[in-house]
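A.B. asks: I am sharing data-v1.cif, which consists of mmCIF, C-alpha atoms:
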data_my_file
#
loop_
_atom_site.label_atom_id
_atom_site.label_comp_id
_atom_site.auth_asym_id
_atom_site.auth_seq_id
_atom_site.Cartn_x
_atom_site.Cartn_y
_atom_site.Cartn_z
CA MET A 181 4.01 -8.98 6.27
CA SER A 182 5.98 -8.18 9.44
CA HIS A 183 7.43 -4.77 10.18
CA LEU A 184 10.95 -6.01 9.42
CA GLN A 185 9.85 -7.59 6.14
CA ARG A 186 8.16 -4.36 5.10
CA ARG A 187 11.22 -2.29 5.94
CA GLU A 188 13.41 -4.66 3.94
CA LYS A 189 11.07 -4.48 0.95
CA GLU A 190 11.05 -0.70 1.19
CA ARG A 191 14.85 -0.70 1.17
CA LEU A 192 14.98 -2.94 -1.90
CA MET A 193 12.36 -0.90 -3.73
CA ARG A 194 14.16 2.33 -2.95
CA GLU A 195 17.44 0.89 -4.21
CA ALA A 196 15.66 -0.25 -7.36
CA GLY A 197 14.41 3.29 -7.94
CA ARG A 198 10.76 2.35 -7.41
CA LEU A 199 10.05 3.93 -4.01
CA PRO A 200 10.22 7.74 -3.96
CA ASN A 201 11.63 9.60 -0.98
CA GLY A 202 9.13 10.19 1.78
CA GLN A 203 6.95 7.22 0.79
CA SER A 204 6.14 4.01 2.68
CA LEU A 205 5.00 0.65 1.40
CA THR A 206 1.38 -0.43 1.88
CA GLU A 207 -0.22 -3.78 1.10
CA LYS A 208 -3.68 -2.23 1.47
CA PHE A 209 -5.41 0.15 -0.94
CA PRO A 210 -6.44 3.22 1.11
CA VAL A 211 -9.54 5.09 -0.08
CA LEU A 212 -9.18 8.86 -0.30
CA THR A 213 -12.04 10.71 -1.99
CA TYR A 214 -13.25 14.28 -1.71
CA GLY A 215 -17.03 14.09 -1.70
CA PRO A 216 -19.47 11.19 -2.02
CA THR A 217 -19.11 8.08 -4.15
CA PRO A 218 -21.49 8.40 -7.11
CA LYS A 219 -23.89 5.65 -8.10
CA PHE A 220 -23.27 4.02 -11.47
CA ASN A 221 -26.12 3.56 -13.92
CA PRO A 222 -24.87 2.03 -17.19
CA ALA A 223 -28.02 3.20 -18.96
CA THR A 224 -27.35 6.89 -18.29
CA TRP A 225 -23.56 7.08 -17.85
CA ASP A 226 -21.53 8.69 -20.60
CA LEU A 227 -18.06 10.09 -21.27
CA ARG A 228 -17.75 13.46 -23.02
CA VAL A 229 -14.73 14.91 -24.83
CA PHE A 230 -14.73 18.64 -25.57
CA GLY A 231 -12.57 21.75 -25.89
CA ALA A 232 -9.69 21.92 -28.37
CA VAL A 233 -11.07 19.15 -30.57
CA LYS A 234 -12.43 19.46 -34.09
CA SER A 235 -15.70 17.91 -32.96
CA GLU A 236 -17.02 17.01 -29.54
CA ARG A 237 -17.53 13.32 -28.85
CA ARG A 238 -19.62 11.33 -26.40
CA TRP A 239 -19.55 7.62 -25.53
CA THR A 240 -22.22 5.65 -23.75
CA TRP A 241 -21.04 2.90 -21.42
CA ALA A 242 -21.80 0.26 -24.07
CA GLU A 243 -19.90 2.24 -26.70
CA PHE A 244 -16.90 2.79 -24.44
CA LEU A 245 -16.68 -0.95 -23.78
CA GLU A 246 -16.26 -1.52 -27.53
CA LEU A 247 -12.90 0.29 -27.53
CA PRO A 248 -9.76 -1.90 -27.52
CA THR A 249 -8.33 -2.57 -24.06
CA GLN A 250 -5.00 -3.56 -22.58
CA GLN A 251 -3.69 -4.57 -19.18
CA MET A 252 -0.78 -3.03 -17.32
CA THR A 253 0.97 -3.53 -13.98
CA VAL A 254 2.35 -0.37 -12.35
CA ASP A 255 3.34 1.15 -9.03
CA ILE A 256 1.16 3.92 -7.60
CA HIS A 257 2.13 6.64 -5.13
CA CYS A 258 -0.21 8.77 -3.02
CA VAL A 259 0.68 12.27 -1.83
CA THR A 260 -0.34 11.11 1.67
CA ARG A 261 2.92 9.09 1.59
CA TRP A 262 1.87 5.53 0.78
CA SER A 263 3.06 3.56 -2.24
CA LYS A 264 1.54 0.36 -3.58
CA PHE A 265 3.55 -1.82 -5.93
CA ASP A 266 2.58 -4.03 -8.87
CA THR A 267 -1.05 -2.98 -9.18
CA THR A 268 -2.79 -4.37 -12.26
CA TRP A 269 -5.26 -2.33 -14.28
CA GLU A 270 -7.23 -2.91 -17.46
CA GLY A 271 -8.78 -0.37 -19.77
CA VAL A 272 -8.20 1.84 -22.78
CA MET A 273 -4.68 3.22 -23.11
CA PHE A 274 -4.86 6.99 -23.39
CA ARG A 275 -2.68 6.98 -26.50
CA ASP A 276 -5.16 4.64 -28.17
CA PHE A 277 -8.05 6.84 -27.05
CA LEU A 278 -6.38 9.85 -28.68
CA ARG A 279 -6.64 8.04 -32.00
CA GLU A 280 -10.42 8.28 -31.66
CA LEU A 281 -10.18 12.08 -31.55
CA GLU A 282 -9.13 14.97 -33.75
CA LEU A 283 -7.36 17.50 -31.59
CA THR A 284 -6.76 21.04 -32.76
CA ASP A 285 -3.30 22.57 -32.78
CA GLU A 286 -4.24 24.51 -29.64
CA ALA A 287 -4.55 21.43 -27.42
CA ARG A 288 -1.87 21.62 -24.71
CA PHE A 289 -3.54 20.45 -21.50
CA VAL A 290 -6.00 17.77 -20.44
CA ILE A 291 -8.53 18.59 -17.75
CA ALA A 292 -10.29 15.58 -16.23
CA HIS A 293 -13.86 16.35 -15.16
CA CYS A 294 -15.44 14.00 -12.65
CA ASP A 295 -18.74 13.55 -10.86
CA TYR A 296 -19.69 16.31 -8.40
CA GLY A 297 -17.50 18.89 -10.15
CA TYR A 298 -14.05 17.55 -9.20
CA THR A 299 -11.31 18.30 -11.73
CA THR A 300 -7.59 17.69 -12.07
CA ASN A 301 -5.18 18.86 -14.74
CA LEU A 302 -2.10 17.59 -16.58
CA THR A 303 -0.22 18.53 -19.70
CA LEU A 304 -1.11 16.66 -22.86
CA GLU A 305 2.53 15.54 -22.96
CA ALA A 306 2.22 13.92 -19.52
CA MET A 307 -1.03 12.19 -20.46
CA ASP A 308 0.36 11.01 -23.80
CA ASP A 309 2.71 8.54 -22.10
CA ASP A 310 2.86 4.81 -22.70
CA ASP A 311 1.52 3.93 -19.23
CA VAL A 312 -1.49 6.26 -18.94
CA MET A 313 -4.84 4.50 -19.00
CA LEU A 314 -8.58 5.06 -18.84
CA ALA A 315 -9.18 2.15 -16.50
CA THR A 316 -12.33 0.08 -16.08
CA LYS A 317 -10.85 -2.83 -14.09
CA TYR A 318 -8.53 -3.33 -11.13
CA GLU A 319 -6.97 -6.75 -10.46
CA ASP A 320 -9.31 -8.36 -13.02
CA ARG A 321 -12.44 -6.93 -11.41
CA TRP A 322 -14.71 -4.17 -12.70
CA LEU A 323 -14.24 -0.88 -10.93
CA HIS A 324 -18.01 -0.43 -10.77
CA GLU A 325 -18.41 -3.51 -8.55
CA PRO A 326 -19.72 -2.49 -5.10
CA GLU A 327 -16.45 -3.44 -3.37
CA LEU A 328 -14.35 -1.37 -5.78
CA ILE A 329 -16.46 1.56 -6.95
CA GLU A 330 -15.03 3.85 -4.27
CA HIS A 331 -11.71 3.52 -6.12
CA GLY A 332 -13.14 5.45 -9.04
CA GLY A 333 -15.58 3.24 -10.90
CA PRO A 334 -16.80 2.82 -13.47
CA LEU A 335 -13.98 4.76 -15.15
CA ARG A 336 -10.87 6.52 -13.89
CA THR A 337 -7.57 7.68 -15.25
CA VAL A 338 -4.38 5.98 -14.07
CA VAL A 339 -1.25 8.13 -14.40
CA PRO A 340 1.50 6.19 -12.60
CA LYS A 341 4.24 8.82 -12.96
CA ARG A 342 2.25 11.32 -10.89
CA TYR A 343 0.91 11.30 -7.36
CA PHE A 344 -2.34 9.39 -7.37
CA TRP A 345 -4.67 12.38 -6.95
CA LYS A 346 -3.79 13.12 -10.59
CA SER A 347 -5.43 9.78 -11.50
CA ALA A 348 -8.97 11.11 -11.64
CA LYS A 349 -11.72 8.98 -10.08
CA PHE A 350 -15.33 8.84 -11.38
CA LEU A 351 -14.30 10.28 -14.75
CA ARG A 352 -17.10 11.82 -16.83
CA ALA A 353 -15.38 14.18 -19.29
CA LEU A 354 -12.01 15.09 -20.76
CA GLU A 355 -11.39 18.68 -21.77
CA PHE A 356 -8.51 19.51 -24.11
CA SER A 357 -7.42 23.06 -23.46
CA PRO A 358 -4.92 25.58 -24.88
CA VAL A 359 -4.38 26.91 -21.35
CA ASP A 360 -3.78 25.20 -18.04
CA LYS A 361 -6.69 25.05 -15.61
CA PRO A 362 -5.61 23.99 -12.11
CA GLY A 363 -8.00 21.47 -10.60
CA PHE A 364 -9.58 21.12 -7.17
CA TRP A 365 -6.41 20.29 -5.23
CA GLU A 366 -4.03 22.20 -7.52
CA ALA A 367 -5.99 25.42 -6.93
CA GLY A 368 -5.31 24.97 -3.23
CA ALA A 369 -2.09 23.70 -1.72
CA TYR A 370 -1.09 20.86 -4.05
CA HIS A 371 1.65 21.06 -6.67
CA ASN A 372 0.54 21.51 -10.27
CA GLU A 373 2.78 18.73 -11.62
CA GLY A 374 2.79 16.15 -8.81
CA ASP A 375 5.86 14.10 -9.72
CA PRO A 376 6.49 11.73 -6.75
CA PHE A 377 10.16 11.24 -7.59
CA LYS A 378 10.68 15.00 -7.33
CA GLU A 379 8.48 15.15 -4.19
CA GLU A 380 6.24 17.72 -5.85
CA ARG A 381 3.61 17.56 -3.13
CA PHE A 382 2.71 21.17 -2.47
CA ASN A 383 2.89 24.54 -4.19
CA ARG A 384 4.41 27.66 -2.67
CA ARG A 385 1.23 28.34 -0.74
CA GLY A 386 1.35 24.82 0.73
CA PHE A 387 3.43 23.17 3.41
#
Show this structure as structure tokens.

C.D. replies:
Amino acid sequence: MSHLQRREKERLMREAGRLPNGQSLTEKFPVLTYGPTPKFNPATWDLRVFGAVKSERRWTWAEFLELPTQQMTVDIHCVTRWSKFDTTWEGVMFRDFLRELELTDEARFVIAHCDYGYTTNLTLEAMDDDDVMLATKYEDRWLHEPELIEHGGPLRTVVPKRYFWKSAKFLRALEFSPVDKPGFWEAGAYHNEGDPFKEERFNRRGF
């Protein structure tokens, strides 16, 4: 795509309400990760759910793959100012995953826990949207494939209505909490909500 073609597509996407202010189109898929990329072992990997639930749950990789899956095509927006359109993901819709759980009345927030201690937080309301997914595939390929694992394999959240750091890579646990618990970036300079269409990039201590 030439520079002029990209600028024209950006104009059209902005007019269509799909390109937030301050963002630029990319055809690539930049890799931004804090820390190393973990190795995936399907024999030892598991996903834990704990906190404001009536009983803790744990899925092995084989058990997680038995859950019903769907495919969705969405735009994604990174706080570093790139946007990528019409990305296709496959996995378990978060709303469907909630049906596997019994939350308590105290559950208000969802804290994603990832390999190497990384966390990120969102309200349960934000996560319980019709386009939030626990994704295992990108563009019909498994996220744990060597060429894709740095994008969060084998499992990541995809939350299209938030900047992409809120879509947690290398997901290992979901904590349901009565109180908010700002994650790695949120405890620093990044905004707690991260809505790209409101340009919620940084908190008051940020830039």

A.B. asks: Can you tell me how far CA of Val339 (chain A) sits from CA of Asp311 (chain A), in Å to one decimal?

C.D. replies: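 Value for the CA of Val339 (chain A)-CA of Asp311 (chain A) distance: 7.0 Å.
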
A.B. asks: Between A:Val259, A:Gly231, A:Met252, A:Leu245, which residue has the minimum interatomic distance to Phe382 (chain A), considering only C-alpha atoms?

C.D. replies: A:Val259

A.B. asks: Compare A:Ser347, A:Thr206, A:Thr284, A:Asn383 by their minimum atom-to-atom distance to Asp266 (chain A), counting all atoms listed in the file, and give me the closest one.

C.D. replies: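 Answer, going by the shortest atom-to-atom distance: A:Thr206.
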
A.B. asks: For Arg321 (chain A), which residue among A:Glu270, A:Lys264, A:Phe277, A:Tyr296 is the nearest when counting all atoms listed in the file?

C.D. replies: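 When distances to Arg321 (chain A) are compared using all atoms listed in the file, the smallest one comes from A:Glu270.
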
A.B. asks: Go through the shown structure with the PyMOL selection byres ((chain A and resi 207) around 9) and write out the matching residues as a VMD selection string.

C.D. replies: chain A and resid 181 205 to 206 208 to 209 263 to 265

A.B. asks: For region 360-369 of chain A, find every residue with an atom within 10 Å (counting only C-alpha atoms), except residues of its own chain fewer than 5 positions away, and show them as a VMD selection string.

C.D. replies: chain A and resid 214 288 to 293 297 to 303 345 to 346 374 381 to 387

A.B. asks: Could you check which of A:Ala242, A:Thr260, A:His324, A:Ala353 is closest to Tyr370 (chain A), using all atoms listed in the file?

C.D. replies: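 Counting all atoms listed in the file, the residue closest to Tyr370 (chain A) is A:Thr260.
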
A.B. asks: List, as a ChimeraX atom specification, every residue that the PyMOL selection byres ((chain A and resi 283) around 9) selects in the file provided.

C.D. replies: /A:231-235,278,281-282,284-287,356
